[in-house]
Structures are given as structure tokens and as C-alpha cells.
$ cat target_21.txt   # compact mmCIF, C-alpha atoms
# COMPACT_ATOMS: atom_id res chain seq x y z
CA MET A 176 104.78 -0.42 203.19
CA THR A 177 105.94 -2.73 205.93
CA SER A 178 109.51 -3.77 206.55
CA THR A 179 108.65 -7.38 205.77
CA ARG A 180 109.03 -6.85 202.05
CA CYS A 181 111.55 -9.02 200.32
CA ALA A 182 114.57 -7.42 198.73
CA VAL A 183 113.01 -7.64 195.27
CA CYS A 184 109.80 -5.89 196.18
CA LYS A 185 111.72 -3.33 198.14
CA TYR A 186 113.89 -2.69 195.11
CA PHE A 187 110.85 -2.13 192.93
CA ARG A 188 109.02 -0.24 195.69
CA ARG A 189 105.97 -2.40 195.52
CA ARG A 190 103.90 -4.38 197.91
CA CYS A 191 105.27 -7.80 198.67
CA PRO A 192 102.43 -10.30 198.33
CA PRO A 193 102.25 -13.33 200.62
CA ASP A 194 102.97 -15.65 197.70
CA CYS A 195 105.87 -13.61 196.33
CA ILE A 196 108.08 -16.01 194.43
CA PHE A 197 111.21 -14.11 195.38
CA SER A 198 110.69 -13.62 199.09
CA PRO A 199 112.08 -16.99 200.27
CA HIS A 200 115.30 -16.39 198.37
CA PHE A 201 115.95 -12.65 198.52
CA LEU A 202 115.64 -11.50 202.07
CA ASN A 203 115.49 -7.88 202.92
CA ASP A 204 118.75 -8.00 204.84
CA ASN A 205 120.80 -8.67 201.73
CA PRO A 206 119.71 -6.37 198.92
CA GLN A 207 123.04 -6.68 197.13
CA ARG A 208 122.22 -10.27 196.25
CA PHE A 209 119.24 -9.34 194.13
CA THR A 210 120.93 -6.28 192.70
CA CYS A 211 123.70 -8.49 191.41
CA VAL A 212 121.35 -11.00 189.80
CA HIS A 213 119.10 -8.29 188.43
CA LYS A 214 122.01 -6.56 186.71
CA ILE A 215 122.79 -9.63 184.65
CA TYR A 216 119.55 -11.52 184.26
CA GLY A 217 116.77 -9.09 185.05
CA ALA A 218 113.89 -9.68 187.41
CA SER A 219 111.56 -10.83 184.66
CA ASN A 220 113.85 -13.59 183.44
CA LEU A 221 114.59 -14.52 187.02
CA GLY A 222 110.90 -14.88 187.79
CA LYS A 223 110.30 -17.02 184.71
CA LEU A 224 113.25 -19.25 185.60
CA LEU A 225 111.98 -19.71 189.12
CA GLN A 226 108.47 -20.51 187.98
CA GLU A 227 109.79 -23.25 185.73
CA THR A 228 111.89 -24.72 188.54
CA PRO A 229 110.51 -27.12 191.14
CA MET A 230 110.25 -25.48 194.54
CA GLN A 231 112.81 -27.73 196.19
CA LEU A 232 115.43 -26.74 193.59
CA ARG A 233 114.86 -23.01 193.61
CA ALA A 234 117.35 -22.27 196.36
CA ASP A 235 120.18 -23.89 194.44
CA THR A 236 119.03 -22.22 191.25
CA ILE A 237 119.21 -18.81 192.86
CA GLU A 238 122.61 -19.52 194.32
CA SER A 239 124.06 -20.63 191.02
CA LEU A 240 122.56 -17.61 189.28
CA TYR A 241 124.01 -15.36 191.95
CA TYR A 242 127.42 -16.94 191.52
CA GLU A 243 127.33 -16.58 187.74
CA ALA A 244 126.13 -13.02 188.04
CA LYS A 245 128.96 -12.15 190.41
CA CYS A 246 131.47 -13.73 188.05
CA ARG A 247 130.08 -11.76 185.14
CA ILE A 248 130.18 -8.50 187.08
CA GLN A 249 133.76 -9.10 188.13
CA ASP A 250 134.77 -10.16 184.64
CA PRO A 251 132.33 -8.75 182.08
CA VAL A 252 134.10 -10.40 179.16
CA TYR A 253 134.62 -13.97 180.31
CA GLY A 254 132.45 -14.43 183.39
CA CYS A 255 132.31 -18.04 184.57
CA ALA A 256 133.99 -19.22 181.40
CA GLY A 257 137.21 -17.68 182.64
CA ILE A 258 137.09 -19.78 185.76
CA ILE A 259 136.45 -22.89 183.70
CA TRP A 260 139.45 -22.04 181.56
CA SER A 261 141.71 -21.62 184.53
CA LEU A 262 140.52 -24.91 186.00
CA HIS A 263 141.18 -26.69 182.70
CA GLN A 264 144.64 -25.16 182.75
CA GLN A 265 145.26 -26.38 186.28
CA ILE A 266 144.11 -29.85 185.30
CA GLN A 267 146.44 -29.95 182.31
CA ILE A 268 149.37 -28.87 184.42
CA ALA A 269 148.60 -31.36 187.16
CA GLN A 270 148.21 -34.17 184.64
CA SER A 271 151.52 -33.41 182.96
CA GLN A 272 153.29 -33.16 186.31
CA LEU A 273 151.68 -36.42 187.35
CA ALA A 274 152.82 -38.14 184.18
CA ARG A 275 156.34 -36.81 184.70
CA ALA A 276 156.41 -37.99 188.31
CA ARG A 277 155.17 -41.43 187.32
CA ALA A 278 157.80 -41.67 184.60
CA GLU A 279 160.54 -40.69 187.00
CA ILE A 280 159.34 -43.22 189.53
CA ALA A 281 159.26 -45.93 186.90
CA PHE A 282 162.75 -44.97 185.78
CA LEU A 283 164.09 -45.00 189.33
CA ASP A 284 162.40 -48.30 190.05
CA ALA A 285 163.98 -49.81 186.98
CA ASN A 286 167.42 -48.49 187.94
CA VAL A 287 167.08 -49.83 191.45
CA VAL A 288 166.35 -53.27 190.03
CA VAL A 289 169.34 -53.05 187.70
CA ALA A 290 171.59 -51.77 190.47
CA GLU A 291 170.94 -54.72 192.77
CA PRO A 292 173.81 -56.96 191.85
CA THR A 293 174.15 -60.72 192.17
CA PRO A 294 177.63 -61.31 193.67
CA SER A 295 179.75 -63.76 191.71
CA PRO A 296 182.41 -66.01 193.31
CA GLY A 297 185.93 -64.65 193.54
CA GLU A 298 184.91 -61.08 193.46
CA PRO A 299 184.72 -58.80 196.45
CA VAL A 300 181.31 -58.65 197.96
CA VAL A 301 180.27 -55.24 198.94
CA GLN A 302 178.27 -55.40 202.08
CA GLN A 303 175.43 -53.06 202.58
CA ASN A 304 176.17 -52.55 206.22
CA GLY A 305 178.43 -49.57 205.61
CA VAL A 306 181.73 -51.42 206.00
CA ASP A 307 184.30 -49.96 203.69
CA TYR A 308 186.07 -52.57 201.63
CA GLY A 309 188.32 -50.03 200.00
CA LEU A 310 186.03 -49.05 197.18
CA ASP A 311 185.09 -45.45 196.75
CA ASP A 312 181.55 -46.34 195.91
CA PRO A 313 180.26 -49.83 196.55
CA TYR A 314 178.42 -49.84 193.30
CA ASP A 315 181.18 -48.37 191.17
CA PHE A 316 182.73 -51.82 190.91
CA TRP A 317 179.62 -53.27 189.37
CA PHE A 318 178.98 -50.49 186.97
CA TYR A 319 182.46 -49.61 185.97
CA MET B 51 127.54 0.95 159.99
CA SER B 52 129.14 -1.08 162.77
CA SER B 53 132.43 -2.87 162.40
CA ASN B 54 132.23 -6.09 160.50
CA PRO B 55 134.75 -8.68 161.68
CA SER B 56 133.69 -11.17 159.07
CA THR B 57 136.71 -13.38 159.71
CA SER B 58 135.65 -14.05 163.26
CA SER B 59 133.56 -17.01 164.16
CA THR B 60 131.11 -16.91 166.93
CA SER B 61 128.88 -19.40 168.48
CA GLY B 62 126.26 -17.81 166.34
CA GLY B 63 127.91 -18.74 163.10
CA GLY B 64 130.67 -17.63 160.82
CA SER B 65 129.45 -14.62 158.91
CA SER B 66 128.26 -11.38 160.30
CA GLY B 67 124.72 -10.11 160.13
CA GLY B 68 123.34 -7.57 157.76
CA GLY B 69 123.18 -4.71 160.17
CA GLY B 70 120.74 -2.88 157.99
CA SER B 71 123.05 -2.84 154.99
CA GLY B 72 120.72 -4.81 152.75
CA GLY B 73 122.08 -8.21 153.72
CA GLY B 74 119.02 -9.00 155.79
CA PRO B 75 118.49 -8.72 159.49
CA CYS B 76 120.99 -10.18 161.92
CA GLY B 77 120.07 -13.23 163.91
CA ALA B 78 119.10 -11.19 166.92
CA CYS B 79 116.79 -8.84 165.06
CA LYS B 80 115.40 -11.77 163.12
CA PHE B 81 114.51 -13.44 166.39
CA LEU B 82 113.12 -10.28 167.89
CA ARG B 83 111.27 -9.54 164.67
CA ARG B 84 112.45 -6.02 164.49
CA LYS B 85 114.20 -3.92 161.94
CA CYS B 86 117.94 -4.44 161.98
CA VAL B 87 119.30 -0.94 161.92
CA ALA B 88 122.74 0.13 160.88
CA GLY B 89 125.00 -0.13 163.86
CA CYS B 90 122.99 -2.91 165.46
CA ILE B 91 125.10 -4.02 168.38
CA PHE B 92 124.27 -7.68 167.82
CA ALA B 93 124.82 -7.77 164.08
CA PRO B 94 128.55 -8.60 164.09
CA TYR B 95 128.02 -11.56 166.37
CA PHE B 96 124.73 -13.19 165.40
CA ASP B 97 124.31 -14.03 161.76
CA SER B 98 120.94 -14.60 160.21
CA ASP B 99 121.29 -18.38 160.06
CA GLN B 100 122.41 -20.05 163.27
CA GLY B 101 122.72 -16.75 165.03
CA ALA B 102 118.98 -16.58 165.61
CA ALA B 103 118.99 -19.92 167.43
CA HIS B 104 121.93 -18.91 169.59
CA PHE B 105 120.41 -15.55 170.32
CA ALA B 106 117.21 -17.25 171.36
CA ALA B 107 119.10 -18.99 174.16
CA VAL B 108 120.81 -15.77 175.16
CA HIS B 109 117.55 -13.86 175.17
CA LYS B 110 115.77 -16.50 177.20
CA VAL B 111 118.40 -16.50 179.93
CA PHE B 112 119.79 -12.99 179.99
CA GLY B 113 117.40 -10.90 177.98
CA ALA B 114 118.27 -8.86 174.91
CA SER B 115 118.29 -5.61 176.82
CA ASN B 116 120.72 -6.85 179.47
CA VAL B 117 123.08 -8.29 176.87
CA SER B 118 122.91 -5.10 174.87
CA LYS B 119 123.86 -3.04 177.92
CA LEU B 120 126.66 -5.43 178.75
CA LEU B 121 128.11 -5.27 175.25
CA PHE B 122 127.68 -1.53 175.05
CA HIS B 123 129.97 -1.04 178.01
CA LEU B 124 132.71 -3.20 176.58
CA PRO B 125 135.37 -2.15 174.09
CA VAL B 126 134.54 -3.33 170.58
CA GLN B 127 137.53 -5.65 170.44
CA ARG B 128 136.33 -7.50 173.55
CA ARG B 129 132.72 -7.91 172.55
CA HIS B 130 133.16 -11.03 170.50
CA ASP B 131 134.71 -12.89 173.41
CA ALA B 132 131.94 -11.66 175.67
CA VAL B 133 129.27 -12.87 173.23
CA VAL B 134 130.87 -16.28 172.99
CA THR B 135 131.00 -16.72 176.74
CA ILE B 136 127.49 -15.38 177.18
CA CYS B 137 126.21 -17.87 174.62
CA TYR B 138 128.06 -20.63 176.42
CA GLU B 139 126.55 -19.72 179.76
CA ALA B 140 123.09 -19.36 178.28
CA GLN B 141 123.23 -22.77 176.67
CA ALA B 142 124.61 -24.31 179.84
CA ARG B 143 121.75 -22.76 181.79
CA LEU B 144 119.15 -24.07 179.38
CA ARG B 145 120.72 -27.52 179.54
CA ASP B 146 120.75 -27.43 183.34
CA PRO B 147 118.28 -24.83 184.61
CA VAL B 148 119.29 -25.38 188.24
CA TYR B 149 123.07 -25.21 188.16
CA GLY B 150 123.98 -24.01 184.69
CA CYS B 151 127.72 -24.06 184.11
CA VAL B 152 128.38 -24.00 187.85
CA SER B 153 128.04 -27.77 187.96
CA HIS B 154 130.82 -27.99 185.42
CA ILE B 155 132.96 -25.71 187.55
CA PHE B 156 132.32 -27.85 190.58
CA ALA B 157 133.25 -31.05 188.75
CA LEU B 158 136.45 -29.49 187.44
CA GLN B 159 137.36 -28.22 190.88
CA GLN B 160 136.96 -31.69 192.31
CA GLN B 161 139.12 -33.05 189.53
CA VAL B 162 141.81 -30.52 190.35
CA VAL B 163 141.73 -31.46 194.02
CA ASN B 164 142.00 -35.17 193.23
CA LEU B 165 144.83 -34.64 190.79
CA GLN B 166 146.74 -32.50 193.26
CA ALA B 167 146.36 -35.13 195.95
CA GLU B 168 147.59 -37.81 193.59
CA LEU B 169 150.47 -35.60 192.48
CA ALA B 170 151.48 -34.93 196.07
CA TYR B 171 151.57 -38.65 196.76
CA PHE B 172 153.68 -39.44 193.71
CA GLN B 173 156.06 -36.58 194.40
CA ALA B 174 156.50 -37.81 197.96
CA HIS B 175 157.10 -41.31 196.61
CA LEU B 176 159.62 -39.89 194.18
CA ALA B 177 161.41 -38.09 196.98
CA THR B 178 161.42 -41.36 198.87
CA LEU B 179 163.04 -43.22 196.02
CA GLU B 180 165.63 -40.53 195.56
CA GLY B 181 166.33 -40.35 199.28
CA GLN B 182 166.12 -44.10 199.89
CA THR B 183 163.70 -43.66 202.77
CA PRO B 184 160.61 -45.79 203.37
CA PRO B 185 157.76 -45.01 200.98
CA PRO B 186 154.85 -42.98 202.26
CA PRO B 187 151.49 -44.60 202.87
CA PRO B 188 149.17 -44.71 199.88
CA PRO B 189 147.12 -41.62 199.34
CA PRO B 190 143.60 -41.51 200.68
CA GLN B 191 140.71 -42.21 198.35
CA PRO B 192 139.59 -39.21 196.34
CA ALA B 193 137.57 -37.10 198.66
CA VAL B 194 133.87 -37.60 198.28
CA PRO B 195 132.27 -34.26 199.03
CA PRO B 196 130.18 -34.36 202.16
CA PRO B 197 126.50 -33.74 201.66
CA GLY B 198 126.79 -30.20 202.89
CA LEU B 199 129.71 -29.30 200.64
CA SER B 200 129.23 -26.35 198.36
CA ILE B 201 131.41 -24.74 195.78
CA ASN B 202 133.37 -22.62 198.18
CA ASP B 203 136.83 -22.85 196.69
CA LEU B 204 136.06 -21.76 193.20
CA THR B 205 138.42 -19.08 192.11
CA THR B 206 137.97 -16.11 189.93
CA ALA B 207 139.98 -15.96 186.78
CA SER B 208 140.52 -12.24 187.02
CA SER B 209 144.13 -12.41 188.03
CA PHE B 210 144.79 -15.34 185.70
CA LEU B 211 143.48 -14.01 182.48
CA GLY B 212 145.91 -11.16 182.33
CA SER B 213 148.51 -13.57 181.04
CA TYR B 214 146.25 -16.31 179.81
CA ASP B 215 147.05 -17.86 176.48
CA LEU B 216 144.06 -19.35 174.75
CA SER B 217 146.29 -21.52 172.59
CA SER B 218 147.36 -23.49 175.64
CA LEU B 219 143.86 -24.91 175.84
CA LEU B 220 144.36 -26.65 172.54
CA GLU B 221 148.05 -27.50 172.76
CA PRO B 222 149.70 -30.09 174.98
CA MET B 223 152.50 -27.72 175.98
CA VAL B 224 152.21 -26.49 179.51
CA PRO B 225 154.33 -23.64 180.80
CA PRO B 226 156.59 -25.05 183.51
CA SER B 227 156.45 -21.84 185.47
CA TRP B 228 152.72 -22.16 186.00
CA THR B 229 151.94 -22.29 189.65
CA MET B 230 149.31 -24.50 191.11
CA GLN B 231 148.47 -21.86 193.64
CA PRO B 232 145.04 -20.32 193.20
CA PRO B 233 144.91 -16.66 192.36
CA ARG B 234 144.96 -14.14 195.15
CA SER B 235 141.40 -13.08 194.69
CA GLN B 236 139.04 -15.92 195.33
CA MET B 237 135.34 -16.20 195.21
CA ASP B 238 134.20 -18.84 197.57
CA PRO B 239 131.08 -20.38 196.08
CA ARG B 240 130.69 -22.63 199.10
CA GLN B 241 129.08 -19.58 200.61
CA PHE B 242 126.59 -19.63 197.81
CA MET B 243 125.32 -23.11 197.63
CA SER B 244 124.55 -26.14 199.69
CA PHE B 245 123.95 -29.26 197.73
CA GLY B 246 122.88 -31.36 200.68
CA ALA B 247 119.30 -30.35 200.80
CA THR B 248 118.61 -30.89 197.14
CA ARG B 249 121.06 -32.73 194.97
CA ALA B 250 124.15 -34.50 196.24
CA PRO B 251 127.35 -33.65 194.39
CA THR B 252 127.40 -37.16 192.97
CA ASP B 253 124.10 -36.42 191.35
CA LEU B 254 125.55 -33.54 189.42
CA PRO B 255 125.72 -34.00 185.69
CA PRO B 256 129.12 -35.09 184.42
CA ALA B 257 131.44 -32.47 183.10
CA GLN B 258 132.05 -34.29 179.85
CA GLY B 259 129.14 -32.77 178.03
CA GLY B 260 130.25 -29.30 179.03
CA THR B 261 133.86 -30.03 178.16
CA GLY B 262 133.05 -30.57 174.47
CA ASP B 263 131.21 -27.27 174.28
CA PHE B 264 134.01 -25.63 176.13
CA GLN B 265 136.62 -26.90 173.67
CA GLU B 266 134.52 -25.46 170.87
CA LEU B 267 134.31 -22.19 172.73
CA ALA B 268 138.08 -22.18 173.21
CA ARG B 269 138.69 -22.85 169.50
CA GLU B 270 136.44 -19.98 168.53
CA LEU B 271 138.23 -17.59 170.80
CA LEU B 272 141.60 -18.86 169.66
CA GLN B 273 140.69 -18.33 166.03
CA ARG B 274 139.54 -14.89 166.95
CA SER B 275 142.72 -14.01 168.78
CA THR B 276 144.87 -15.48 166.01
CA SER B 277 143.06 -13.56 163.28
CA GLU B 278 143.35 -10.33 165.20
CA GLY B 279 146.97 -11.01 166.07
CA SER B 280 146.37 -10.46 169.74
CA GLY B 281 145.67 -12.75 172.62
CA PRO B 282 142.97 -12.26 175.16
CA GLY B 283 145.26 -9.98 177.08
CA ALA B 284 144.06 -8.54 180.29
CA CYS B 285 140.64 -9.54 181.32
CA LYS B 286 140.09 -6.08 182.66
CA THR B 287 138.42 -4.08 179.98
CA GLU B 288 139.41 -0.49 179.83
CA GLY B 289 136.68 1.64 181.13
CA SER B 290 134.18 -1.16 180.99
CA SER B 291 131.52 -1.26 183.61
CA LEU B 292 128.09 -2.63 183.87
CA PRO B 293 125.23 -0.24 183.64
CA PRO B 294 123.83 0.95 186.91
$ encode --input "target_21.txt" --output "C-alpha cells"
Amino acid sequence: MTSTRCAVCKYFRRRCPPDCIFSPHFLNDNPQRFTCVHKIYGASNLGKLLQETPMQLRADTIESLYYEAKCRIQDPVYGCAGIIWSLHQQIQIAQSQLARARAEIAFLDANVVVAEPTPSPGEPVVQQNGVDYGLDDPYDFWFY
Amino acid sequence: MSSNPSTSSTSGGGSSGGGGSGGGPCGACKFLRRKCVAGCIFAPYFDSDQGAAHFAAVHKVFGASNVSKLLFHLPVQRRHDAVVTICYEAQARLRDPVYGCVSHIFALQQQVVNLQAELAYFQAHLATLEGQTPPPPPPPQPAVPPPGLSINDLTTASSFLGSYDLSSLLEPMVPPSWTMQPPRSQMDPRQFMSFGATRAPTDLPPAQGGTGDFQELARELLQRSTSEGSGPGACKTEGSSLPP
């Protein structure tokens, strides 16, 4: 046996044919990749999946299978579904925080509009240049 | 005779299989055309009606032997959840043979990123209004993933699920103490995939189709946890390990 076998054929201790369907995707330098996928899906199912997939999409197929397999090994109960759950949770939290921030901004915007007074004649005008006209708070006069 | 959680509902249907007790073969054994023995590991989770169809998907993607080994190494009380998620992944893989449920994960991750960017902008704007300083510039457009982007930032749920409450998926209440920070342990799927050479991220199927299935999955698990009086608890199963 030569050292040019792919990781799959090396795993099964068989000759690696020139048209091996696995060899482009499971190189000999990374046997853990196939071991991971084989644990969850099995080589037979993997081969069938690859045969049904167009050649230009096989690389992405293998990668997604590898990712799902790793997730399942790390979390045998929930696998990828656990990640999807946590992402849904993050989205819900972000959406509620976003809604709260928007509401606060709308409230503050409305208060700013209300707080901008129109000075009436005969009443002290409170300048906005910081000059103290004897009022504790320039806006207290208008509100209270 | 194996345990018979008849009140649980699985993606394979509501009632449990016969398990060799005279009620007929379970969905798995019916599909495999074999005798359903007492103690069949699949019987509690795949009934003889819809269970066979669901098991067909599981068998096509994972293989009956692999699923059997996986379930065998899990505590009995965790097996139902595992079956539900396995069925979900199998159906997602059959629906999208190239990306499976990973495309859904990618779409959700992008949604999280966009929402966080929008939230950061609005919080800065809010701080501006409260501090009476000039407003910040508008946020940039939602980031369109570059052609070479891959799902590198996906996180594992391992450290989340220890305190995860399934009911929160179905209820609007959100715990205020939840942090937006990703868990400590991260799997970086960008190492795994490059979309540029094949399908651009914009070509990925929308997440909506998967979301409906996922809500159904969440309801099943919630009913399960409610009927058993226990939540999902720690994701780490005691003594569980995959077969060598």
C-alpha cells in the first residue's frame, strides 16, 4: 500500500483506486475529519450522498456534514439543533432590546419636542446660552 | 419490554410502537421489515404510522445502526430529545442535500449580526439623546457576506444548554440577564466551508422553511419536558459517549 491513499481507504485498509470518490475530500493528512463523519453517518451513507451530489457541490456537502457530525459528537442529544436554538434565543433577545431602545428613543424624542417652549410676552425668557436668570432649572418654569 | 413514554410526542408521531408486545412493529422495524423485538430501542420513538416515514429519513441520512449506537449510549430520559433532533437534521439534509441545517444556522447567524449592529446603533442614538450630544452617523448597511465567507462564527450550544429553557422558544418573555456574548467554547465553521466557489451566501435557501419545522421541534420538546416535569437540563449526558 502506498502513502497516497486517502484517509478513507487508509481507515479501511484498502487500496485507494484512482477514481475514489472520497480522495478529493478526505486527505491522508487529516484522518480525524473522516473519523468524525464516519462515526455519525457511516462511510456507506456518505458515499451514497456524494454520488447523488454534483461534483462541484461535493466539497461544501462534506464540510457541512463534517460540521454537523462535530456538533453531534460534542452534543449527542441536541447536535446542531442546539446551536439553532441558541441563535433563535439571541435573535429574540436582540429584537426585544431593539424594540425597547426604539421605544425609548421615540419617548425621548417626544419629550424633547414638548420641552421646547414658545416664549410668551411678559414672561422671562430663558436663554440657552447658559446665562443664569435666577431660575434653578431653566425648564422648571415651563413645567412647574 | 422497554419503557413506554406514551405521553411523549415525537416527530414520528404521538403513540409509541409495539415493541414486540403484540401491538405491531414499531415504525423503524416496519420500515426495516424486521421483527420488532421486546426492548427495541426505536419502539418508544417511532410509531407504526408516521414513525416509519420519519425513520426512513433518519435511516437514509444516518443509518439505523449509527442511530441505534447513538441512542444506546444516551440515558433513556435523553433519548427522546435526541431522536427529535436527529429527525430534524435528517429531514433538513434530505431537503437540502448540500448544506442540510447548516444553511439555516448560517442565515440565523447573519440575522443575529445584523440585529446586533442595529441595536448598537440605536443604543448609541439613545445615549446621544440622553446626553444631548450630536447623534452618531447611521449604521452601515447590513453586511453582505463576501464571496469567501464561511460559517466561522457559529457557536456550540454546549455551554448554553445547561440552563436553557425550552419554554422561552415559545414565549415572548426574554430573561433580562441573558448576555449577548457567545459561549466560551466556539466552533468556527468558517474553517469548514467556503461558499465562494460553489454557492454564494445569497443563494442559500431562506431560513423561513426551517424555522417552521424548528418551532414544531421546539413544541415537541417542550411538551416532553413539561410532561416529565423537567427541563432539558444540562446538555451533557451522564456517561454518554459515542461508540468507538
$ closest_residue --input "target_21.txt" --among "B:Leu120, B:Ala142, B:Cys137, B:Ala114" --to "Ser239 (chain A)" --atoms "only C-alpha atoms"
B:Ala142
$ closest_atom_pairs --input "target_21.txt" --of "chain A" --to "chain B" --cutoff "6 Å" --atoms "only C-alpha atoms" --output "CSV"
residue,atom,partner,partner_atom,distance
A:Tyr216,CA,B:Phe112,CA,4.5
A:Thr236,CA,B:Val148,CA,4.4
A:Glu238,CA,B:Phe242,CA,5.3
A:Ser239,CA,B:Tyr149,CA,5.5
A:Val252,CA,B:Ala132,CA,4.3
A:Tyr253,CA,B:Thr135,CA,5.8
A:Gly257,CA,B:Ala207,CA,5.3
A:Ile258,CA,B:Ala207,CA,4.9
A:Ile259,CA,B:Ile155,CA,5.9
A:Ile266,CA,B:Val162,CA,5.6
A:Leu273,CA,B:Leu169,CA,5.3
A:Ile280,CA,B:Leu176,CA,5.7
$ residues_near_point --input "target_21.txt" --point "(131.9, -11.3, 188.5)" --cutoff "10 Å" --atoms "all atoms listed in the file" --output "count of residues only"
20
$ closest_residue --input "target_21.txt" --among "B:Asp97, B:Gln141, B:Ala106, B:Gly181" --to "Phe81 (chain B)" --atoms "only C-alpha atoms"
B:Ala106
$ atom_distance --input "target_21.txt" --atom1 "CA of Asn205 (chain A)" --atom2 "CA of Leu240 (chain A)"
15.4 Å
$ atom_distance --input "target_21.txt" --atom1 "CA of Val183 (chain A)" --atom2 "CA of Gly217 (chain A)"
11.0 Å
$ atom_distance --input "target_21.txt" --atom1 "CA of Ala88 (chain B)" --atom2 "CA of Ile215 (chain A)"
25.7 Å
$ residues_around --input "target_21.txt" --residues "Thr179 (chain A)" --least-positions-apart "6" --cutoff "12 Å" --atoms "all atoms listed in the file" --output "number ranges by chain"
A: 185, 189-193, 195, 198-199, 201-204
$ decode --input "target_21.txt" --residues "region 164-180 of chain B" --atoms "N, CA, C and O atoms" --output "mmCIF file, in the first residue's frame"
data_model
loop_
_atom_site.group_PDB
_atom_site.id
_atom_site.type_symbol
_atom_site.label_atom_id
_atom_site.label_comp_id
_atom_site.auth_asym_id
_atom_site.auth_seq_id
_atom_site.Cartn_x
_atom_site.Cartn_y
_atom_site.Cartn_z
ATOM 1 N N ASN B 164 -26.786 41.220 12.124
ATOM 2 C CA ASN B 164 -27.481 42.428 11.679
ATOM 3 C C ASN B 164 -28.267 43.074 12.810
ATOM 4 O O ASN B 164 -28.263 44.299 12.971
ATOM 5 N N LEU B 165 -28.922 42.248 13.610
ATOM 6 C CA LEU B 165 -29.700 42.785 14.720
ATOM 7 C C LEU B 165 -28.782 43.447 15.741
ATOM 8 O O LEU B 165 -29.105 44.505 16.297
ATOM 9 N N GLN B 166 -27.640 42.846 15.996
ATOM 10 C CA GLN B 166 -26.722 43.426 16.968
ATOM 11 C C GLN B 166 -26.174 44.754 16.473
ATOM 12 O O GLN B 166 -26.001 45.691 17.260
ATOM 13 N N ALA B 167 -25.914 44.837 15.181
ATOM 14 C CA ALA B 167 -25.427 46.105 14.625
ATOM 15 C C ALA B 167 -26.496 47.185 14.754
ATOM 16 O O ALA B 167 -26.220 48.323 15.141
ATOM 17 N N GLU B 168 -27.729 46.794 14.442
ATOM 18 C CA GLU B 168 -28.827 47.755 14.538
ATOM 19 C C GLU B 168 -29.034 48.170 15.997
ATOM 20 O O GLU B 168 -29.260 49.349 16.308
ATOM 21 N N LEU B 169 -28.932 47.214 16.897
ATOM 22 C CA LEU B 169 -29.115 47.504 18.314
ATOM 23 C C LEU B 169 -28.023 48.439 18.804
ATOM 24 O O LEU B 169 -28.294 49.375 19.560
ATOM 25 N N ALA B 170 -26.803 48.221 18.362
ATOM 26 C CA ALA B 170 -25.698 49.085 18.784
ATOM 27 C C ALA B 170 -25.944 50.510 18.315
ATOM 28 O O ALA B 170 -25.713 51.478 19.056
ATOM 29 N N TYR B 171 -26.451 50.640 17.097
ATOM 30 C CA TYR B 171 -26.722 51.987 16.591
ATOM 31 C C TYR B 171 -27.797 52.673 17.423
ATOM 32 O O TYR B 171 -27.648 53.830 17.831
ATOM 33 N N PHE B 172 -28.881 51.954 17.684
ATOM 34 C CA PHE B 172 -29.981 52.581 18.420
ATOM 35 C C PHE B 172 -29.589 52.873 19.861
ATOM 36 O O PHE B 172 -30.015 53.879 20.448
ATOM 37 N N GLN B 173 -28.769 52.036 20.445
ATOM 38 C CA GLN B 173 -28.331 52.303 21.811
ATOM 39 C C GLN B 173 -27.409 53.518 21.847
ATOM 40 O O GLN B 173 -27.464 54.316 22.780
ATOM 41 N N ALA B 174 -26.573 53.660 20.820
ATOM 42 C CA ALA B 174 -25.728 54.847 20.748
ATOM 43 C C ALA B 174 -26.584 56.093 20.557
ATOM 44 O O ALA B 174 -26.341 57.147 21.157
ATOM 45 N N HIS B 175 -27.608 55.960 19.707
ATOM 46 C CA HIS B 175 -28.514 57.088 19.490
ATOM 47 C C HIS B 175 -29.241 57.443 20.786
ATOM 48 O O HIS B 175 -29.434 58.618 21.112
ATOM 49 N N LEU B 176 -29.618 56.423 21.531
ATOM 50 C CA LEU B 176 -30.297 56.645 22.792
ATOM 51 C C LEU B 176 -29.375 57.361 23.767
ATOM 52 O O LEU B 176 -29.779 58.312 24.447
ATOM 53 N N ALA B 177 -28.137 56.939 23.815
ATOM 54 C CA ALA B 177 -27.171 57.596 24.689
ATOM 55 C C ALA B 177 -26.992 59.047 24.266
ATOM 56 O O ALA B 177 -26.819 59.935 25.096
ATOM 57 N N THR B 178 -27.041 59.249 22.968
ATOM 58 C CA THR B 178 -26.912 60.614 22.450
ATOM 59 C C THR B 178 -28.064 61.487 22.930
ATOM 60 O O THR B 178 -27.869 62.618 23.391
ATOM 61 N N LEU B 179 -29.264 60.959 22.826
ATOM 62 C CA LEU B 179 -30.423 61.740 23.238
ATOM 63 C C LEU B 179 -30.370 62.022 24.726
ATOM 64 O O LEU B 179 -30.723 63.107 25.186
ATOM 65 N N GLU B 180 -29.930 61.043 25.483
ATOM 66 C CA GLU B 180 -29.894 61.247 26.928
ATOM 67 C C GLU B 180 -28.779 62.187 27.331
ATOM 68 O O GLU B 180 -28.875 62.901 28.322
#
